[in-house]
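Asks: Before we start, here is the structure in question, set down as structure tokens.
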Amino acid sequence: MVRTLLSLLLTTPTAPVPLVRTPVPGVTFRTFTIATPRGPASGAMLEVAAARVGPLRPAAVAARRTVSAMVTATGALAGVNGDFFDTGAGRREPPPTGSAGGPEIDAGRPRKAAVPVGQRFGPPLPHGGDGTTAIGVDTRGRGRVAPVRLAGAVTAGRRRIPVVGLNQYALPVGGVGVYTPAWGTASRARAVCGTDVRRDAPCSRDVAEVSGRGGVVAGRGGSGGVPRDGVVLVGRERGAAAVRGLRPGRRVSVRYRAAGPVRFRFAVGGLPILRAGGPVPGLGRKAHHPRTAAGVSRNGRRMFLVVVNGRSRHDAGLSLAGLAALLRYFGAADAVSLDGGGSSVLVTRFPDEAGATVRTVPSDGRERAVANGLGVF
């Protein structure tokens, strides 16, 4: 069945070339070349014990860094780029934040939540998708693909204001979002621009922002980073009216958590392409690009990190449907597509290497700084 599916999407269902190396127990590195309707495409794959996989991230949510730099900084053995991020395409201002579009969990705690569907960058979501799908490792050390949503509220006396955003570059219309020190020093102005269905729509003029420290409303917000022991609440439209009602000096409680079927230790967002061993319906077959993907085995014990080169006369890239078939061929039951194009890169820093080595061919000619990634430790 796997070979049949692959043959429908790739002209030659070739297996990956023989094993390149096993740098440490539990980590297998392979390179491969496959034939596609557009020509050959090469790439690289890491098959690892899921418990070895962890997050790669810059110091702030609204920041970017190359995978090589993150691998070196964390001491990881290898890594690939992660989620699609805010590039500012279609907007002149405010400037792009560089932050990821999907959810992110680190050390069991939500670091950011997903932006509205219409604000996402990257390929269209499958029918009914809401942009909350994430891949990561749960608290038992198993690889999982599952939705991660945000649940939370601001409580002031008997008043309760739902929280619908966390450290994200775009808030839902009418909502209130929380920004923590993890956001960084980037402007929060982008958060109130666009709508839930149009990324390039004008910025809202009905906006309010307050800061809080030590459980007390401290002031009317402002620019710059969030204090180490503080939060900033940003509201738009109906949410702005709610935020304006929080007067300085008033005691408030701000609570939020990741809600969903899986208790993730860490996770990053992605576009679902495989679910329960089958391709997600509606995946594109025509557009061939460089691709990055991550998948998990049926029992969750193994994870697969894959990068396919493209946009050159030597490498045609893959369609999303072809990428799903490739991940299934390698052994994944559930998988997501991560950011592709010029962001796609697989980097190693194996014990016998002097430093980080780029193992794939970035289509920009060099590594691109990205919002996050998946590392092998």
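In the structure tokens, the first chain shown is A, the next is B, and so on; residue numbers restart at 1 for each chain, and ligands run from 1 in the order shown.
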Excluding segment 90-95 of chain A and residues on its chain fewer than 5 positions from it, collect all residues at most 12 Å away from it, counting only C-alpha atoms, and give them as an NGL selection string.

Replies: :A and (62 or 119-121 or 169-170 or 186-194 or 198-203)

Asks: Using only C-alpha atoms, what table do you get, as CSV, when you list each residue of segment 137-216 of chain A with an atom no more than 7 Å from segment 262-275 of chain A, its nearest pair of atoms, and their distance in Å rounded to one decimal, rows by chain then rising number?

Replies:
```
residue,atom,partner,partner_atom,distance
A:Val137,CA,A:Arg265,CA,5.7
A:Asp138,CA,A:Phe264,CA,4.0
A:Thr139,CA,A:Arg265,CA,5.1
A:Ala146,CA,A:Val262,CA,6.7
```

Asks: Just the selected residues (all heavy atoms), exported as a PDB file, in the first residue's frame, please.

Replies:
```pdb
ATOM      1  N   VAL A 137       6.784  16.276  21.569  1.00  0.00           N
ATOM      2  CA  VAL A 137       6.981  15.112  22.429  1.00  0.00           C
ATOM      3  C   VAL A 137       6.174  15.310  23.703  1.00  0.00           C
ATOM      4  O   VAL A 137       6.217  16.383  24.314  1.00  0.00           O
ATOM      5  CB  VAL A 137       8.473  14.924  22.753  1.00  0.00           C
ATOM      6  CG1 VAL A 137       8.679  13.762  23.723  1.00  0.00           C
ATOM      7  CG2 VAL A 137       9.272  14.694  21.474  1.00  0.00           C
ATOM      8  N   ASP A 138       5.420  14.279  24.091  1.00  0.00           N
ATOM      9  CA  ASP A 138       4.586  14.413  25.277  1.00  0.00           C
ATOM     10  C   ASP A 138       5.386  14.143  26.548  1.00  0.00           C
ATOM     11  O   ASP A 138       6.587  13.871  26.508  1.00  0.00           O
ATOM     12  CB  ASP A 138       3.339  13.529  25.167  1.00  0.00           C
ATOM     13  CG  ASP A 138       3.655  12.031  25.192  1.00  0.00           C
ATOM     14  OD1 ASP A 138       4.767  11.628  25.598  1.00  0.00           O
ATOM     15  OD2 ASP A 138       2.761  11.239  24.799  1.00  0.00           O
ATOM     16  N   THR A 139       4.717  14.226  27.676  1.00  0.00           N
ATOM     17  CA  THR A 139       5.400  14.086  28.960  1.00  0.00           C
ATOM     18  C   THR A 139       5.891  12.667  29.220  1.00  0.00           C
ATOM     19  O   THR A 139       6.657  12.441  30.161  1.00  0.00           O
ATOM     20  CB  THR A 139       4.472  14.534  30.103  1.00  0.00           C
ATOM     21  OG1 THR A 139       3.234  13.803  30.019  1.00  0.00           O
ATOM     22  CG2 THR A 139       4.175  16.020  29.998  1.00  0.00           C
ATOM     23  N   ALA A 146      -0.993  16.728  17.434  1.00  0.00           N
ATOM     24  CA  ALA A 146      -2.300  16.999  18.031  1.00  0.00           C
ATOM     25  C   ALA A 146      -2.545  18.502  18.066  1.00  0.00           C
ATOM     26  O   ALA A 146      -1.609  19.297  18.008  1.00  0.00           O
ATOM     27  CB  ALA A 146      -2.366  16.433  19.454  1.00  0.00           C
TER      28      ALA A 146
END
```

Asks: For segment 83-175 of chain A against segment 347-370 of chain A, with a cut-off of 12 Å and counting only C-alpha atoms, what is the closest atom pair and its distance in Å to one decimal for every residue that makes the cut, ordered by chain and number, as a Markdown table?

Replies:
```
| residue | atom | partner | partner_atom | distance |
| --- | --- | --- | --- | --- |
| A:Asp83 | CA | A:Val370 | CA | 8.2 |
| A:Phe84 | CA | A:Val370 | CA | 8.4 |
| A:Phe85 | CA | A:Val370 | CA | 7.5 |
| A:Asp86 | CA | A:Val370 | CA | 9.9 |
| A:Thr87 | CA | A:Val370 | CA | 10.0 |
| A:Thr97 | CA | A:Val370 | CA | 11.3 |
| A:Gly98 | CA | A:Val370 | CA | 7.5 |
| A:Ser99 | CA | A:Val370 | CA | 8.5 |
| A:Ala100 | CA | A:Val370 | CA | 8.6 |
| A:Gly101 | CA | A:Val370 | CA | 11.8 |
```

Asks: When DSSP is applied to the backbone of this structure, which of segment 122-171 of chain A are assigned strand (DSSP E)? Write them out as an MDAnalysis selection string.

Replies: chainID A and resid 133:138 143:147 149:156 159:162 165:166

Asks: For Gly165 of chain A, work out the shell of residues within 8 Å, counting only C-alpha atoms and skipping chain neighbours fewer than 4 positions away, then give it as a compact mmCIF listing (two decimals) with C-alpha atoms, in the first residue's frame.

Replies:
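Output file result-v6.txt is given in full below:
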```txt
# COMPACT_ATOMS: atom_id res chain seq x y z
CA LYS A 112 2.64 31.23 22.35
CA ALA A 113 -0.73 30.44 20.78
CA ALA A 114 -1.90 30.14 17.16
CA VAL A 115 -2.93 33.16 15.11
CA LEU A 150 -5.31 28.25 24.46
CA LEU A 171 -5.04 38.60 17.70
CA PRO A 172 -8.59 37.50 16.83
CA GLY A 175 -10.21 39.56 21.52
CA VAL A 176 -7.73 40.06 24.32
CA GLY A 177 -4.20 38.71 24.24
CA VAL A 178 -1.50 38.28 26.87
```

Asks: Leaving out segment 126-129 of chain A and any residue of its chain fewer than 6 positions from it, which residues lie within 8 Å of it when counting only C-alpha atoms, given as number ranges by chain?

Replies: A: 272, 280-283

Asks: Nearest to Gly75 of chain A: which of A:Gly54, A:Arg160, A:Arg144, A:Arg250 is it, counting only C-alpha atoms?

Replies: A:Gly54

Asks: Got a sec to tell me which of segment 23-158 of chain A DSSP assigns to helix (DSSP H, G or I), as a list in words?

Replies: Ala50, Ala51, Arg52, Val67, Ser68, Ala69, Met70, Val71, Thr72, Ala73, Thr74, Val117, Gly118 and Gln119 of chain A

Asks: Check the smallest atom-to-atom distance from each of A:Pro58, A:Ala151, A:Ser42, A:Thr28 to Arg257 of chain A using only C-alpha atoms, then report the winner.

Replies: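 Between A:Pro58, A:Ala151, A:Ser42, A:Thr28, the residue approaching Arg257 of chain A most closely is A:Ala151.
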
Asks: Counting only C-alpha atoms, what is within 8 Å of segment 298-312 of chain A, bar same-chain residues fewer than 4 positions away, as a short mmCIF file (atom, residue, chain, number, x, y, z; two decimals) with N, CA and C atoms, in the first residue's frame?

Replies:
```cif
data_model
loop_
_atom_site.label_atom_id
_atom_site.label_comp_id
_atom_site.auth_asym_id
_atom_site.auth_seq_id
_atom_site.Cartn_x
_atom_site.Cartn_y
_atom_site.Cartn_z
N ALA A 41 14.67 15.03 -7.01
CA ALA A 41 14.75 15.85 -5.80
C ALA A 41 15.54 15.08 -4.76
N SER A 42 16.53 15.73 -4.19
CA SER A 42 17.34 15.09 -3.15
C SER A 42 16.98 15.68 -1.80
N GLY A 43 17.46 15.03 -0.76
CA GLY A 43 17.19 15.52 0.58
C GLY A 43 17.90 14.71 1.62
N ALA A 44 17.56 14.97 2.87
CA ALA A 44 18.17 14.28 4.01
C ALA A 44 17.12 14.04 5.07
N MET A 45 17.35 13.00 5.86
CA MET A 45 16.38 12.59 6.87
C MET A 45 17.10 12.12 8.13
N LEU A 46 16.54 12.49 9.26
CA LEU A 46 16.98 11.99 10.55
C LEU A 46 15.87 11.15 11.15
N GLU A 47 16.17 9.92 11.48
CA GLU A 47 15.23 9.07 12.21
C GLU A 47 15.79 8.91 13.62
N VAL A 48 15.01 9.30 14.61
CA VAL A 48 15.54 9.37 15.97
C VAL A 48 14.52 8.85 16.97
N ALA A 49 15.01 8.45 18.14
CA ALA A 49 14.13 8.15 19.25
C ALA A 49 13.44 9.45 19.66
N ALA A 50 12.12 9.42 19.78
CA ALA A 50 11.36 10.64 20.04
C ALA A 50 11.84 11.36 21.29
N ALA A 51 12.25 10.60 22.30
CA ALA A 51 12.68 11.23 23.55
C ALA A 51 13.91 12.11 23.37
N VAL A 53 14.26 14.30 20.94
CA VAL A 53 13.90 15.51 20.19
C VAL A 53 13.42 16.60 21.16
N VAL A 80 16.30 20.81 12.39
CA VAL A 80 15.64 21.32 11.18
C VAL A 80 14.84 22.56 11.57
N GLY A 141 7.51 11.06 26.76
CA GLY A 141 8.59 10.88 25.81
C GLY A 141 8.16 10.32 24.48
N ARG A 142 6.88 10.39 24.14
CA ARG A 142 6.37 9.88 22.86
C ARG A 142 6.13 11.04 21.90
N GLY A 143 6.46 10.83 20.63
CA GLY A 143 6.16 11.81 19.61
C GLY A 143 4.67 11.85 19.33
N ARG A 144 4.11 13.04 19.20
CA ARG A 144 2.68 13.18 18.99
C ARG A 144 2.39 14.33 18.02
N ALA A 276 -3.13 9.30 11.05
CA ALA A 276 -3.46 7.88 11.25
C ALA A 276 -3.04 7.02 10.06
N GLY A 277 -1.89 7.34 9.49
CA GLY A 277 -1.34 6.53 8.41
C GLY A 277 -1.79 6.89 7.02
N HIS A 288 5.61 22.41 -6.57
CA HIS A 288 6.81 21.75 -6.07
C HIS A 288 7.76 22.79 -5.49
N HIS A 289 8.15 22.57 -4.25
CA HIS A 289 9.04 23.52 -3.56
C HIS A 289 9.97 22.75 -2.63
N PRO A 290 11.03 23.41 -2.12
CA PRO A 290 11.77 22.81 -1.01
C PRO A 290 10.80 22.60 0.16
N ARG A 291 10.98 21.51 0.88
CA ARG A 291 10.05 21.19 1.96
C ARG A 291 10.79 20.72 3.21
N THR A 292 10.21 21.04 4.35
CA THR A 292 10.63 20.47 5.62
C THR A 292 9.41 19.82 6.26
N ALA A 293 9.60 18.64 6.82
CA ALA A 293 8.48 17.94 7.46
C ALA A 293 8.98 17.18 8.67
N ALA A 294 8.07 16.88 9.55
CA ALA A 294 8.37 16.06 10.73
C ALA A 294 7.22 15.09 10.94
N ALA A 316 14.03 19.43 -7.94
CA ALA A 316 12.72 19.97 -8.30
C ALA A 316 11.84 20.29 -7.11
N GLY A 317 12.17 19.75 -5.95
CA GLY A 317 11.28 19.91 -4.81
C GLY A 317 10.12 18.93 -4.87
N LEU A 318 9.21 19.02 -3.91
CA LEU A 318 8.07 18.11 -3.82
C LEU A 318 6.78 18.90 -3.62
N LEU A 327 6.91 10.82 3.75
CA LEU A 327 6.93 10.59 5.20
C LEU A 327 6.31 9.25 5.55
N PHE A 330 8.78 6.50 4.80
CA PHE A 330 9.83 6.37 5.81
C PHE A 330 9.34 5.68 7.08
N ALA A 332 6.34 7.11 9.00
CA ALA A 332 5.50 7.98 9.83
C ALA A 332 4.03 7.64 9.67
N ALA A 333 3.30 7.72 10.76
CA ALA A 333 1.84 7.54 10.73
C ALA A 333 1.14 8.89 10.77
N ASP A 334 1.73 9.84 11.48
CA ASP A 334 1.23 11.21 11.56
C ASP A 334 2.37 12.15 11.25
N GLY A 341 10.48 26.29 1.30
CA GLY A 341 11.14 27.32 0.52
C GLY A 341 12.53 27.62 1.04
N SER A 344 13.88 25.97 4.45
CA SER A 344 14.16 24.54 4.63
C SER A 344 15.64 24.27 4.78
N VAL A 345 16.00 23.61 5.87
CA VAL A 345 17.41 23.27 6.10
C VAL A 345 17.50 22.17 7.15
N LEU A 346 18.46 21.27 6.96
CA LEU A 346 18.80 20.26 7.97
C LEU A 346 20.27 20.43 8.31
N THR A 360 21.75 20.05 3.77
CA THR A 360 20.87 20.21 2.61
C THR A 360 21.28 21.47 1.85
N VAL A 361 20.50 21.83 0.83
CA VAL A 361 20.88 22.96 -0.03
C VAL A 361 19.83 24.06 0.09
N PRO A 362 20.06 25.07 0.93
CA PRO A 362 19.08 26.16 1.06
C PRO A 362 18.85 26.83 -0.29
N SER A 363 17.59 27.02 -0.65
CA SER A 363 17.28 27.55 -1.98
C SER A 363 17.65 29.03 -2.12
#
```

Asks: Work out how far atom CA of Gly224 of chain A is from atom CA of Thr180 of chain A, in Å to one decimal.

Replies: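 Those two atoms sit 11.7 Å apart.
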